[in-house]
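This is protein_2.pdb. It holds PDB, C-alpha atoms and all ligand atoms.
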ATOM      1  CA  MET A1421     -18.082  26.593  15.788
ATOM      2  CA  ALA A1422     -19.184  29.692  13.830
ATOM      3  CA  LEU A1423     -22.217  31.590  15.003
ATOM      4  CA  GLU A1424     -25.446  30.906  13.121
ATOM      5  CA  ARG A1425     -28.071  33.594  12.896
ATOM      6  CA  THR A1426     -31.687  33.014  11.920
ATOM      7  CA  ALA A1427     -35.128  34.601  12.070
ATOM      8  CA  ASP A1428     -36.841  31.253  11.490
ATOM      9  CA  PRO A1429     -38.372  29.540  14.563
ATOM     10  CA  ASP A1430     -38.351  26.125  12.844
ATOM     11  CA  GLU A1431     -34.602  26.334  12.251
ATOM     12  CA  VAL A1432     -34.038  27.145  15.918
ATOM     13  CA  ARG A1433     -36.216  24.283  17.121
ATOM     14  CA  ARG A1434     -34.506  21.837  14.740
ATOM     15  CA  ALA A1435     -31.041  22.935  15.928
ATOM     16  CA  VAL A1436     -31.943  22.619  19.610
ATOM     17  CA  ARG A1437     -33.571  19.207  19.112
ATOM     18  CA  ALA A1438     -30.590  17.965  17.059
ATOM     19  CA  TRP A1439     -28.128  18.998  19.788
ATOM     20  CA  GLN A1440     -30.245  17.355  22.460
ATOM     21  CA  ALA A1441     -30.480  14.176  20.343
ATOM     22  CA  GLU A1442     -26.671  14.064  20.442
ATOM     23  CA  GLY A1443     -26.852  14.233  24.244
ATOM     24  CA  LEU A1444     -25.799  17.889  24.441
ATOM     25  CA  THR A1445     -27.405  20.381  26.853
ATOM     26  CA  VAL A1446     -28.706  23.699  25.567
ATOM     27  CA  GLY A1447     -28.939  27.082  27.310
ATOM     28  CA  LEU A1448     -31.216  29.906  26.162
ATOM     29  CA  VAL A1449     -30.526  33.568  26.934
ATOM     30  CA  PRO A1450     -33.573  35.689  26.004
ATOM     31  CA  THR A1451     -32.629  39.347  25.353
ATOM     32  CA  MET A1452     -33.869  42.467  23.633
ATOM     33  CA  GLY A1453     -30.376  43.121  22.262
ATOM     34  CA  ALA A1454     -28.084  46.132  22.818
ATOM     35  CA  LEU A1455     -25.992  43.581  24.666
ATOM     36  CA  HIS A1456     -23.969  44.808  27.649
ATOM     37  CA  GLU A1457     -21.961  43.173  30.423
ATOM     38  CA  GLY A1458     -25.177  42.189  32.222
ATOM     39  CA  HIS A1459     -26.309  40.116  29.226
ATOM     40  CA  LEU A1460     -22.800  38.774  28.769
ATOM     41  CA  SER A1461     -22.758  37.461  32.335
ATOM     42  CA  LEU A1462     -25.851  35.406  31.399
ATOM     43  CA  VAL A1463     -24.186  34.239  28.188
ATOM     44  CA  ARG A1464     -21.030  33.246  30.069
ATOM     45  CA  ALA A1465     -23.067  31.321  32.640
ATOM     46  CA  SER A1466     -24.860  29.461  29.864
ATOM     47  CA  VAL A1467     -21.629  28.733  27.973
ATOM     48  CA  ALA A1468     -20.069  27.436  31.210
ATOM     49  CA  GLU A1469     -23.045  25.272  32.199
ATOM     50  CA  CYS A1470     -24.397  24.089  28.841
ATOM     51  CA  ASP A1471     -22.864  22.513  25.723
ATOM     52  CA  ARG A1472     -24.650  24.898  23.351
ATOM     53  CA  THR A1473     -26.005  28.429  23.846
ATOM     54  CA  VAL A1474     -28.829  30.139  21.987
ATOM     55  CA  VAL A1475     -29.363  33.900  22.391
ATOM     56  CA  SER A1476     -32.621  35.461  21.264
ATOM     57  CA  ILE A1477     -32.581  39.114  20.273
ATOM     58  CA  TYR A1478     -36.025  40.610  19.898
ATOM     59  CA  VAL A1479     -37.425  43.948  21.034
ATOM     60  CA  ASN A1480     -40.857  42.677  21.965
ATOM     61  CA  PRO A1481     -43.495  45.329  21.254
ATOM     62  CA  ALA A1482     -46.074  43.510  23.379
ATOM     63  CA  GLN A1483     -44.242  44.352  26.595
ATOM     64  CA  PHE A1484     -44.136  48.108  25.931
ATOM     65  CA  GLY A1485     -47.167  50.150  26.964
ATOM     66  CA  GLU A1486     -48.550  53.131  25.122
ATOM     67  CA  GLY A1487     -46.219  56.126  25.431
ATOM     68  CA  GLU A1488     -43.297  53.930  26.550
ATOM     69  CA  ASP A1489     -39.871  53.844  24.892
ATOM     70  CA  LEU A1490     -40.390  51.166  22.188
ATOM     71  CA  GLN A1491     -39.159  53.489  19.410
ATOM     72  CA  GLU A1492     -36.141  54.765  21.373
ATOM     73  CA  TYR A1493     -35.067  51.321  22.603
ATOM     74  CA  PRO A1494     -31.501  50.791  21.268
ATOM     75  CA  ARG A1495     -31.119  48.332  18.375
ATOM     76  CA  ARG A1496     -27.789  47.104  16.922
ATOM     77  CA  LEU A1497     -28.172  43.553  15.707
ATOM     78  CA  ASP A1498     -24.889  43.207  13.763
ATOM     79  CA  GLU A1499     -22.771  44.380  16.665
ATOM     80  CA  ASP A1500     -24.752  42.160  19.065
ATOM     81  CA  CYS A1501     -24.073  39.135  16.844
ATOM     82  CA  ARG A1502     -20.356  39.904  16.801
ATOM     83  CA  VAL A1503     -20.275  40.179  20.594
ATOM     84  CA  ALA A1504     -22.356  37.001  20.921
ATOM     85  CA  GLU A1505     -19.939  35.101  18.687
ATOM     86  CA  GLN A1506     -16.913  36.351  20.644
ATOM     87  CA  ASN A1507     -18.526  35.065  23.816
ATOM     88  CA  GLY A1508     -19.163  31.545  22.575
ATOM     89  CA  VAL A1509     -22.811  31.746  21.492
ATOM     90  CA  ASP A1510     -23.748  29.087  18.924
ATOM     91  CA  LEU A1511     -27.026  30.418  17.568
ATOM     92  CA  VAL A1512     -28.761  33.813  17.537
ATOM     93  CA  PHE A1513     -32.512  33.879  17.008
ATOM     94  CA  CYS A1514     -33.503  37.330  15.764
ATOM     95  CA  PRO A1515     -37.105  37.169  14.569
ATOM     96  CA  THR A1516     -39.195  39.943  13.024
ATOM     97  CA  ASP A1517     -42.503  41.175  14.446
ATOM     98  CA  ARG A1518     -44.279  39.328  11.614
ATOM     99  CA  VAL A1519     -42.703  36.047  12.733
ATOM    100  CA  MET A1520     -43.521  36.524  16.417
ATOM    101  CA  TYR A1521     -46.941  38.134  16.018
ATOM    102  CA  PRO A1522     -48.279  37.094  12.612
ATOM    103  CA  GLN A1523     -51.565  38.474  11.441
ATOM    104  CA  GLY A1524     -54.345  36.907  13.456
ATOM    105  CA  HIS A1525     -52.187  36.323  16.554
ATOM    106  CA  ALA A1526     -54.651  36.290  19.444
ATOM    107  CA  THR A1527     -53.183  34.262  22.304
ATOM    108  CA  PHE A1528     -51.455  35.844  25.307
ATOM    109  CA  VAL A1529     -50.155  34.539  28.632
ATOM    110  CA  VAL A1530     -51.849  36.367  31.493
ATOM    111  CA  GLN A1531     -50.783  35.746  35.069
ATOM    112  CA  GLU A1532     -52.760  36.907  38.067
ATOM    113  CA  ARG A1533     -51.618  38.583  41.320
ATOM    114  CA  LEU A1534     -47.814  38.652  40.914
ATOM    115  CA  THR A1535     -48.116  40.742  37.752
ATOM    116  CA  GLU A1536     -50.468  43.282  39.308
ATOM    117  CA  VAL A1537     -48.063  44.823  41.837
ATOM    118  CA  LEU A1538     -44.808  46.844  41.638
ATOM    119  CA  GLU A1539     -43.918  47.062  37.914
ATOM    120  CA  GLY A1540     -47.362  45.717  37.026
ATOM    121  CA  ALA A1541     -49.095  48.566  38.877
ATOM    122  CA  PHE A1542     -47.243  51.114  36.721
ATOM    123  CA  ARG A1543     -47.051  49.061  33.515
ATOM    124  CA  PRO A1544     -50.327  47.102  33.437
ATOM    125  CA  THR A1545     -49.721  45.231  30.151
ATOM    126  CA  HIS A1546     -45.960  44.705  30.582
ATOM    127  CA  PHE A1547     -45.881  41.198  32.048
ATOM    128  CA  ARG A1548     -48.579  39.952  29.673
ATOM    129  CA  GLY A1549     -46.140  40.864  26.892
ATOM    130  CA  VAL A1550     -43.088  39.447  28.683
ATOM    131  CA  LEU A1551     -44.733  36.131  29.570
ATOM    132  CA  THR A1552     -46.232  35.717  26.109
ATOM    133  CA  VAL A1553     -42.899  36.221  24.369
ATOM    134  CA  VAL A1554     -40.923  34.166  26.909
ATOM    135  CA  CYS A1555     -43.422  31.306  26.590
ATOM    136  CA  LYS A1556     -43.109  31.497  22.793
ATOM    137  CA  LEU A1557     -39.295  31.550  23.042
ATOM    138  CA  PHE A1558     -39.367  28.494  25.331
ATOM    139  CA  ASN A1559     -41.477  26.692  22.710
ATOM    140  CA  ILE A1560     -39.303  27.824  19.802
ATOM    141  CA  ALA A1561     -36.019  27.007  21.589
ATOM    142  CA  PRO A1562     -36.888  24.137  23.958
ATOM    143  CA  ALA A1563     -33.614  24.502  25.870
ATOM    144  CA  ASP A1564     -32.616  22.735  29.082
ATOM    145  CA  ARG A1565     -31.895  25.971  30.939
ATOM    146  CA  ALA A1566     -32.890  29.609  30.501
ATOM    147  CA  TYR A1567     -30.902  32.515  31.933
ATOM    148  CA  PHE A1568     -32.314  35.743  33.381
ATOM    149  CA  GLY A1569     -30.797  38.629  35.326
ATOM    150  CA  GLN A1570     -31.616  39.423  38.955
ATOM    151  CA  LYS A1571     -31.917  43.091  37.913
ATOM    152  CA  ASP A1572     -35.391  42.361  36.579
ATOM    153  CA  PHE A1573     -36.361  40.706  39.849
ATOM    154  CA  GLN A1574     -40.131  40.681  39.356
ATOM    155  CA  GLN A1575     -39.634  39.273  35.856
ATOM    156  CA  THR A1576     -37.705  36.340  37.327
ATOM    157  CA  VAL A1577     -40.512  35.701  39.832
ATOM    158  CA  VAL A1578     -43.291  35.752  37.246
ATOM    159  CA  VAL A1579     -41.301  33.670  34.739
ATOM    160  CA  ARG A1580     -40.619  31.020  37.387
ATOM    161  CA  ARG A1581     -44.328  31.055  38.288
ATOM    162  CA  MET A1582     -45.289  30.558  34.628
ATOM    163  CA  VAL A1583     -42.780  27.708  34.165
ATOM    164  CA  CYS A1584     -44.229  25.985  37.229
ATOM    165  CA  ASP A1585     -47.905  26.699  36.456
ATOM    166  CA  LEU A1586     -47.688  25.695  32.775
ATOM    167  CA  ASN A1587     -45.370  22.692  33.353
ATOM    168  CA  ILE A1588     -42.717  24.033  31.002
ATOM    169  CA  PRO A1589     -39.711  21.677  31.107
ATOM    170  CA  ILE A1590     -36.955  24.276  31.433
ATOM    171  CA  ARG A1591     -34.751  25.173  34.373
ATOM    172  CA  VAL A1592     -34.720  28.911  35.121
ATOM    173  CA  ARG A1593     -31.354  30.264  36.253
ATOM    174  CA  VAL A1594     -31.036  33.761  37.720
ATOM    175  CA  MET A1595     -27.669  35.513  37.656
ATOM    176  CA  PRO A1596     -26.548  38.415  39.891
ATOM    177  CA  THR A1597     -26.924  42.024  38.767
ATOM    178  CA  VAL A1598     -23.858  43.452  37.027
ATOM    179  CA  ARG A1599     -23.101  47.055  37.996
ATOM    180  CA  GLU A1600     -21.183  50.061  36.708
ATOM    181  CA  GLU A1601     -18.378  51.404  38.885
ATOM    182  CA  ASP A1602     -20.695  53.791  40.741
ATOM    183  CA  GLY A1603     -23.183  50.973  41.422
ATOM    184  CA  LEU A1604     -25.716  51.703  38.659
ATOM    185  CA  ALA A1605     -27.217  48.395  37.507
ATOM    186  CA  MET A1606     -26.385  47.720  33.861
ATOM    187  CA  SER A1607     -29.345  48.250  31.571
ATOM    188  CA  SER A1608     -29.789  49.056  27.899
ATOM    189  CA  ARG A1609     -31.880  52.028  29.066
ATOM    190  CA  ASN A1610     -28.836  53.627  30.752
ATOM    191  CA  GLU A1611     -27.836  54.804  27.263
ATOM    192  CA  CYS A1612     -30.894  57.066  27.225
ATOM    193  CA  LEU A1613     -29.624  59.138  30.196
ATOM    194  CA  THR A1614     -28.052  62.583  29.716
ATOM    195  CA  ALA A1615     -24.730  63.205  31.518
ATOM    196  CA  ARG A1616     -26.473  64.941  34.421
ATOM    197  CA  GLU A1617     -29.122  62.213  34.670
ATOM    198  CA  ARG A1618     -26.438  59.534  34.506
ATOM    199  CA  GLU A1619     -24.703  61.094  37.543
ATOM    200  CA  GLN A1620     -27.890  61.044  39.569
ATOM    201  CA  ALA A1621     -28.935  57.562  38.401
ATOM    202  CA  SER A1622     -26.602  56.041  40.978
ATOM    203  CA  CYS A1623     -29.183  57.078  43.621
ATOM    204  CA  LEU A1624     -30.966  53.737  43.063
ATOM    205  CA  SER A1625     -28.009  51.581  44.047
ATOM    206  CA  ARG A1626     -26.958  54.063  46.744
ATOM    207  CA  ALA A1627     -30.447  53.755  48.243
ATOM    208  CA  LEU A1628     -30.089  49.961  48.306
ATOM    209  CA  VAL A1629     -26.642  50.179  49.904
ATOM    210  CA  GLU A1630     -28.105  52.516  52.519
ATOM    211  CA  ALA A1631     -30.924  50.037  53.215
ATOM    212  CA  ARG A1632     -28.351  47.305  53.763
ATOM    213  CA  ARG A1633     -26.334  49.574  56.068
ATOM    214  CA  VAL A1634     -29.421  50.319  58.188
ATOM    215  CA  TYR A1635     -30.328  46.602  58.259
ATOM    216  CA  GLU A1636     -26.817  45.556  59.236
ATOM    217  CA  GLY A1637     -26.929  48.233  61.939
ATOM    218  CA  GLY A1638     -29.694  46.169  63.559
ATOM    219  CA  ARG A1639     -32.954  47.683  62.202
ATOM    220  CA  THR A1640     -35.278  45.026  60.830
ATOM    221  CA  ASP A1641     -38.475  47.082  60.468
ATOM    222  CA  ALA A1642     -39.114  47.514  56.768
ATOM    223  CA  GLY A1643     -40.548  51.008  57.343
ATOM    224  CA  ALA A1644     -37.149  52.287  58.505
ATOM    225  CA  LEU A1645     -35.473  50.784  55.458
ATOM    226  CA  ARG A1646     -38.040  52.297  53.111
ATOM    227  CA  GLU A1647     -37.505  55.711  54.677
ATOM    228  CA  ALA A1648     -33.739  55.404  54.438
ATOM    229  CA  MET A1649     -34.030  54.561  50.714
ATOM    230  CA  ARG A1650     -36.507  57.378  50.064
ATOM    231  CA  ALA A1651     -34.157  59.888  51.693
ATOM    232  CA  VAL A1652     -31.290  58.930  49.365
ATOM    233  CA  ILE A1653     -33.543  59.260  46.315
ATOM    234  CA  ALA A1654     -35.013  62.567  47.507
ATOM    235  CA  ALA A1655     -31.476  64.007  47.578
ATOM    236  CA  ALA A1656     -31.199  63.511  43.779
ATOM    237  CA  PRO A1657     -33.199  66.406  42.286
ATOM    238  CA  LEU A1658     -33.907  64.696  38.931
ATOM    239  CA  ALA A1659     -35.159  61.470  40.540
ATOM    240  CA  ARG A1660     -38.869  60.724  40.948
ATOM    241  CA  PRO A1661     -39.649  57.371  42.561
ATOM    242  CA  ASP A1662     -42.554  55.241  41.295
ATOM    243  CA  TYR A1663     -42.167  52.826  44.209
ATOM    244  CA  VAL A1664     -39.690  52.054  46.987
ATOM    245  CA  GLU A1665     -40.602  48.839  48.772
ATOM    246  CA  VAL A1666     -39.425  45.869  50.762
ATOM    247  CA  VAL A1667     -41.285  42.743  49.611
ATOM    248  CA  ASP A1668     -41.323  38.989  50.060
ATOM    249  CA  HIS A1669     -39.175  37.274  47.419
ATOM    250  CA  GLU A1670     -41.950  34.858  46.418
ATOM    251  CA  THR A1671     -45.293  36.575  47.015
ATOM    252  CA  LEU A1672     -44.031  40.110  46.223
ATOM    253  CA  GLU A1673     -46.189  41.358  49.092
ATOM    254  CA  PRO A1674     -44.760  44.168  51.240
ATOM    255  CA  VAL A1675     -43.208  42.896  54.486
ATOM    256  CA  SER A1676     -43.170  44.703  57.804
ATOM    257  CA  GLU A1677     -40.223  42.781  59.226
ATOM    258  CA  VAL A1678     -37.068  42.102  57.185
ATOM    259  CA  THR A1679     -35.956  38.455  57.063
ATOM    260  CA  ASP A1680     -33.812  36.631  54.536
ATOM    261  CA  ARG A1681     -36.946  36.281  52.348
ATOM    262  CA  ALA A1682     -37.065  40.042  51.855
ATOM    263  CA  VAL A1683     -36.009  41.992  48.774
ATOM    264  CA  ALA A1684     -35.729  45.778  48.575
ATOM    265  CA  VAL A1685     -37.143  46.907  45.222
ATOM    266  CA  LEU A1686     -37.378  50.291  43.586
ATOM    267  CA  ALA A1687     -38.367  52.021  40.377
ATOM    268  CA  VAL A1688     -37.267  55.588  39.806
ATOM    269  CA  ARG A1689     -37.749  57.966  36.900
ATOM    270  CA  ILE A1690     -34.682  59.991  36.060
ATOM    271  CA  GLY A1691     -35.820  62.550  33.518
ATOM    272  CA  ARG A1692     -37.681  60.548  30.860
ATOM    273  CA  THR A1693     -35.919  57.276  31.666
ATOM    274  CA  ARG A1694     -37.384  54.790  34.117
ATOM    275  CA  LEU A1695     -34.879  52.618  36.001
ATOM    276  CA  ILE A1696     -35.382  49.666  38.346
ATOM    277  CA  ASP A1697     -33.098  47.924  40.819
ATOM    278  CA  ASN A1698     -33.351  45.570  43.791
ATOM    279  CA  MET A1699     -31.375  43.920  46.554
ATOM    280  CA  PRO A1700     -32.193  40.599  48.220
ATOM    281  CA  PHE A1701     -31.480  40.487  51.962
ATOM    282  CA  GLY A1702     -31.074  36.732  52.008
ATOM    283  CA  PRO A1703     -28.976  34.519  49.773
ATOM    284  CA  SER A1704     -30.338  35.155  46.261
ATOM    285  CA  ALA A1705     -31.633  31.879  44.889
ATOM    286  CA  SER A1706     -30.209  31.194  41.428
ATOM    287  CA  ASP A1707     -32.271  28.042  40.771
TER
HETATM  288  O1  LIG B   1     -35.466  41.056  30.128
HETATM  289  C1  LIG B   1     -35.649  41.271  28.914
HETATM  290  O2  LIG B   1     -34.783  41.771  28.185
HETATM  291  C2  LIG B   1     -36.998  40.946  28.286
HETATM  292  O3  LIG B   1     -38.041  41.227  29.153
HETATM  293  C3  LIG B   1     -37.092  39.498  27.774
HETATM  294  C4  LIG B   1     -36.988  38.484  28.903
HETATM  295  C5  LIG B   1     -35.984  39.241  26.758
HETATM  296  C6  LIG B   1     -38.439  39.278  27.073
HETATM  297  O4  LIG B   1     -38.587  40.144  25.987
END
For the structure just supplied, provide its representation as structure tokens.
Ligand code: PAF
Amino acid sequence: MALERTADPDEVRRAVRAWQAEGLTVGLVPTMGALHEGHLSLVRASVAECDRTVVSIYVNPAQFGEGEDLQEYPRRLDEDCRVAEQNGVDLVFCPTDRVMYPQGHATFVVQERLTEVLEGAFRPTHFRGVLTVVCKLFNIAPADRAYFGQKDFQQTVVVRRMVCDLNIPIRVRVMPTVREEDGLAMSSRNECLTAREREQASCLSRALVEARRVYEGGRTDAGALREAMRAVIAAAPLARPDYVEVVDHETLEPVSEVTDRAVAVLAVRIGRTRLIDNMPFGPSASD
């Protein structure tokens, strides 16, 4: 089936409903485009698990704060559509700002507690923008399953919370982080790094590997793991950490003792680019 591409929410909803009326299951992969292997792993999971796959491509201004990289965020819709088609996507939804936030738009999804820590402490309006657009996408494309990457760990936690709290009938699937050869988690923002920054950007994943090494060596106090991660980051001269934490996978509260509920999380600025990464200590729940 050839790929369809539309900016019209009604067309997307009609297509999804028509497929479901035929008894087909539908997967939704929300993205901001500049598709890389990380996105494609979500697409492949959806294509494998669902009869039809919808990818949304929309750089959502509401999730960027003032002074953040909205303007610099990479955009290449035609190439993304080609890649989507090659990977078995049936429909791309690529709306404009006017479609998503028409004049007079005044309703936002605000979640308490979970959105106030970690990323939320540094980007206070970020999750309000993410949850608003994800909620809108779930309404526009009422799919059976939606696919997110573990790389944006806190995003997966707050999206699951919203789906549960607002009784949204969609199953959230979380797929493992896809990494470059040196361990750097794939992200569209990696393109913004200079060569020297790119070299040092592997300090995030190296810090996580070090935390695992310390943990597997028998240390379960989170303080020791935090210190081990901080030391790796401190050795990269261009790296400035925003936070380096070990938190509970559901409450996002810092833990003192590492169990299989714990996740090491970090956000580090490398030059002007801000990168995040994480590593669950237990089995990472995909459902
Ligand atoms: O993870 C992302 O790319 C975005 O936050 C999402 C989920 C597509 C919402 O804009």
Next on the checklist: Please determine, counting all atoms listed in the file, which residue among A:Arg1425, A:Arg1650, A:His1525, A:Arg1472 has the shortest atom-to-atom distance to A:Val1449.
Outcome noted: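 Looking only at the distances to A:Val1449, the closest residue turns out to be A:Arg1472.
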Checklist entry - Looking at A:Arg1660, A:Arg1639, A:Arg1565, A:Arg1646, which one is nearest to A:Arg1591, with distances taken over all atoms listed in the file? => result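 Checking each of A:Arg1660, A:Arg1639, A:Arg1565, A:Arg1646 against A:Arg1591, counting all atoms listed in the file, the winner is A:Arg1565.
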Checklist entry - With all atoms listed in the file as the atoms that count, which of A:Val1446, A:Met1452, A:Asp1510, A:Arg1580 lies nearest to A:Leu1534? => result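 Checking each of A:Val1446, A:Met1452, A:Asp1510, A:Arg1580 against A:Leu1534, counting all atoms listed in the file, the winner is A:Arg1580.
Computed from the coordinates, the atom CA of A:Ile1590 to atom CA of A:Val1463 distance equals 16.5 Å.
Distances to ligand LIG 1 (chain B) were evaluated for A:Thr1671, A:Ser1625, A:Gln1491, A:Ser1608 using all atoms listed in the file, and the minimum falls at A:Ser1608.
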Item to check | Pick from A:Asp1572, A:Asp1428, A:Asp1585, A:Asp1564, whichever lies nearest to A:Met1520 using all atoms listed in the file | outcome: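 Looking only at the distances to A:Met1520, the closest residue turns out to be A:Asp1428.
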Which residues form the shell of 8 Å around ligand LIG 1 (chain B) when you count only C-alpha atoms and all ligand atoms, given as an mmCIF file with C-alpha atoms, in the coordinates of the input?
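This is the output file selection12.cif:
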data_model
loop_
_atom_site.group_PDB
_atom_site.id
_atom_site.type_symbol
_atom_site.label_atom_id
_atom_site.label_comp_id
_atom_site.auth_asym_id
_atom_site.auth_seq_id
_atom_site.Cartn_x
_atom_site.Cartn_y
_atom_site.Cartn_z
ATOM 1 C CA VAL A 1449 -30.526 33.568 26.934
ATOM 2 C CA PRO A 1450 -33.573 35.689 26.004
ATOM 3 C CA THR A 1451 -32.629 39.347 25.353
ATOM 4 C CA MET A 1452 -33.869 42.467 23.633
ATOM 5 C CA GLY A 1453 -30.376 43.121 22.262
ATOM 6 C CA SER A 1476 -32.621 35.461 21.264
ATOM 7 C CA ILE A 1477 -32.581 39.114 20.273
ATOM 8 C CA TYR A 1478 -36.025 40.610 19.898
ATOM 9 C CA VAL A 1479 -37.425 43.948 21.034
ATOM 10 C CA ASN A 1480 -40.857 42.677 21.965
ATOM 11 C CA GLN A 1483 -44.242 44.352 26.595
ATOM 12 C CA GLY A 1549 -46.140 40.864 26.892
ATOM 13 C CA VAL A 1550 -43.088 39.447 28.683
ATOM 14 C CA LEU A 1551 -44.733 36.131 29.570
ATOM 15 C CA VAL A 1553 -42.899 36.221 24.369
ATOM 16 C CA VAL A 1554 -40.923 34.166 26.909
ATOM 17 C CA PHE A 1568 -32.314 35.743 33.381
ATOM 18 C CA GLY A 1569 -30.797 38.629 35.326
ATOM 19 C CA ASP A 1572 -35.391 42.361 36.579
ATOM 20 C CA GLN A 1575 -39.634 39.273 35.856
#
Item to check | Test item: residues at most 12 Å from stretch 1680-1685 of chain A, only C-alpha atoms, excluding those fewer than 3 positions along its chain, as a ChimeraX atom specification | outcome: /A:1537-1539,1570-1574,1577,1624-1625,1627-1632,1635,1640-1650,1661-1677,1688,1695-1705
Checklist entry - Distance atom CA of A:Arg1433-atom CA of A:Ala1561, one decimal place? => result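 Computing it gives 5.2 Å between the two atoms.
In terms of minimum interatomic distance to A:Gly1443, A:Cys1470 ranks closest within A:Ala1651, A:Glu1431, A:Ala1465, A:Cys1470, counting only C-alpha atoms.
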Checklist entry - Can you list what the PyMOL selection byres (((chain A and resi 1435) around 12) and not hetatm) grabs from this structure, as number ranges by chain? => result A: 1424-1426, 1428-1434, 1436-1442, 1444-1446, 1472-1474, 1510-1513, 1560-1563
Checklist entry - Given the file above and the PyMOL selection byres (((chain A and resi 1603) around 8) and not hetatm), which residues are selected, and can you give them as a PyMOL selection string? => result chain A and resi 1599-1602+1604-1605+1622+1625-1626
Item to check | Two-atom distance - atom CA of A:Leu1586, atom CA of A:Thr1535 (Å) | outcome: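 Distance reported for this atom pair: 15.9 Å.
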Checklist entry - Quick one: residues within 10 Å of stretch 1689-1691 of chain A, all atoms listed in the file counted, chain neighbours fewer than 3 positions away excluded, as a ChimeraX atom specification? => result /A:1612-1614,1616-1618,1620-1621,1623,1656-1663,1694-1696
As JSON, please: the centre and edge lengths in Å, to one decimal, of an axis-aligned box enclosing every listed atom of stretch 1558-1562 of chain A with 4 Å added on each side.
{"center_x": -38.7, "center_y": 26.3, "center_z": 22.6, "size_x": 13.5, "size_y": 12.4, "size_z": 13.5}
Complete stretch 1682-1694 of chain A with N, CA, C and O atoms (output as a PDB file, in the frame of the given file).
ATOM      1  N   ALA A1682     -36.686  38.695  52.312  1.00  0.00           N
ATOM      2  CA  ALA A1682     -37.065  40.042  51.855  1.00  0.00           C
ATOM      3  C   ALA A1682     -36.158  40.532  50.726  1.00  0.00           C
ATOM      4  O   ALA A1682     -34.977  40.187  50.651  1.00  0.00           O
ATOM      5  N   VAL A1683     -36.756  41.345  49.861  1.00  0.00           N
ATOM      6  CA  VAL A1683     -36.009  41.992  48.774  1.00  0.00           C
ATOM      7  C   VAL A1683     -36.414  43.467  48.750  1.00  0.00           C
ATOM      8  O   VAL A1683     -37.612  43.778  48.762  1.00  0.00           O
ATOM      9  N   ALA A1684     -35.427  44.355  48.760  1.00  0.00           N
ATOM     10  CA  ALA A1684     -35.729  45.778  48.575  1.00  0.00           C
ATOM     11  C   ALA A1684     -35.830  46.020  47.078  1.00  0.00           C
ATOM     12  O   ALA A1684     -34.968  45.572  46.308  1.00  0.00           O
ATOM     13  N   VAL A1685     -36.914  46.691  46.661  1.00  0.00           N
ATOM     14  CA  VAL A1685     -37.143  46.907  45.222  1.00  0.00           C
ATOM     15  C   VAL A1685     -37.477  48.371  44.994  1.00  0.00           C
ATOM     16  O   VAL A1685     -38.159  48.988  45.810  1.00  0.00           O
ATOM     17  N   LEU A1686     -36.994  48.920  43.888  1.00  0.00           N
ATOM     18  CA  LEU A1686     -37.378  50.291  43.586  1.00  0.00           C
ATOM     19  C   LEU A1686     -37.418  50.562  42.090  1.00  0.00           C
ATOM     20  O   LEU A1686     -36.727  49.916  41.295  1.00  0.00           O
ATOM     21  N   ALA A1687     -38.268  51.522  41.757  1.00  0.00           N
ATOM     22  CA  ALA A1687     -38.367  52.021  40.377  1.00  0.00           C
ATOM     23  C   ALA A1687     -38.340  53.532  40.478  1.00  0.00           C
ATOM     24  O   ALA A1687     -39.090  54.117  41.267  1.00  0.00           O
ATOM     25  N   VAL A1688     -37.460  54.135  39.704  1.00  0.00           N
ATOM     26  CA  VAL A1688     -37.267  55.588  39.806  1.00  0.00           C
ATOM     27  C   VAL A1688     -37.183  56.156  38.393  1.00  0.00           C
ATOM     28  O   VAL A1688     -36.485  55.601  37.538  1.00  0.00           O
ATOM     29  N   ARG A1689     -37.887  57.247  38.178  1.00  0.00           N
ATOM     30  CA  ARG A1689     -37.749  57.966  36.900  1.00  0.00           C
ATOM     31  C   ARG A1689     -36.661  59.003  37.045  1.00  0.00           C
ATOM     32  O   ARG A1689     -36.657  59.770  38.017  1.00  0.00           O
ATOM     33  N   ILE A1690     -35.728  58.969  36.093  1.00  0.00           N
ATOM     34  CA  ILE A1690     -34.682  59.991  36.060  1.00  0.00           C
ATOM     35  C   ILE A1690     -34.888  60.700  34.729  1.00  0.00           C
ATOM     36  O   ILE A1690     -34.598  60.128  33.679  1.00  0.00           O
ATOM     37  N   GLY A1691     -35.422  61.901  34.773  1.00  0.00           N
ATOM     38  CA  GLY A1691     -35.820  62.550  33.518  1.00  0.00           C
ATOM     39  C   GLY A1691     -36.880  61.688  32.850  1.00  0.00           C
ATOM     40  O   GLY A1691     -37.847  61.273  33.497  1.00  0.00           O
ATOM     41  N   ARG A1692     -36.671  61.343  31.577  1.00  0.00           N
ATOM     42  CA  ARG A1692     -37.681  60.548  30.860  1.00  0.00           C
ATOM     43  C   ARG A1692     -37.403  59.048  30.951  1.00  0.00           C
ATOM     44  O   ARG A1692     -38.148  58.233  30.405  1.00  0.00           O
ATOM     45  N   THR A1693     -36.303  58.691  31.622  1.00  0.00           N
ATOM     46  CA  THR A1693     -35.919  57.276  31.666  1.00  0.00           C
ATOM     47  C   THR A1693     -36.351  56.660  33.001  1.00  0.00           C
ATOM     48  O   THR A1693     -36.156  57.259  34.052  1.00  0.00           O
ATOM     49  N   ARG A1694     -36.913  55.459  32.908  1.00  0.00           N
ATOM     50  CA  ARG A1694     -37.384  54.790  34.117  1.00  0.00           C
ATOM     51  C   ARG A1694     -36.432  53.632  34.420  1.00  0.00           C
ATOM     52  O   ARG A1694     -36.210  52.769  33.575  1.00  0.00           O
TER      53      ARG A1694
END
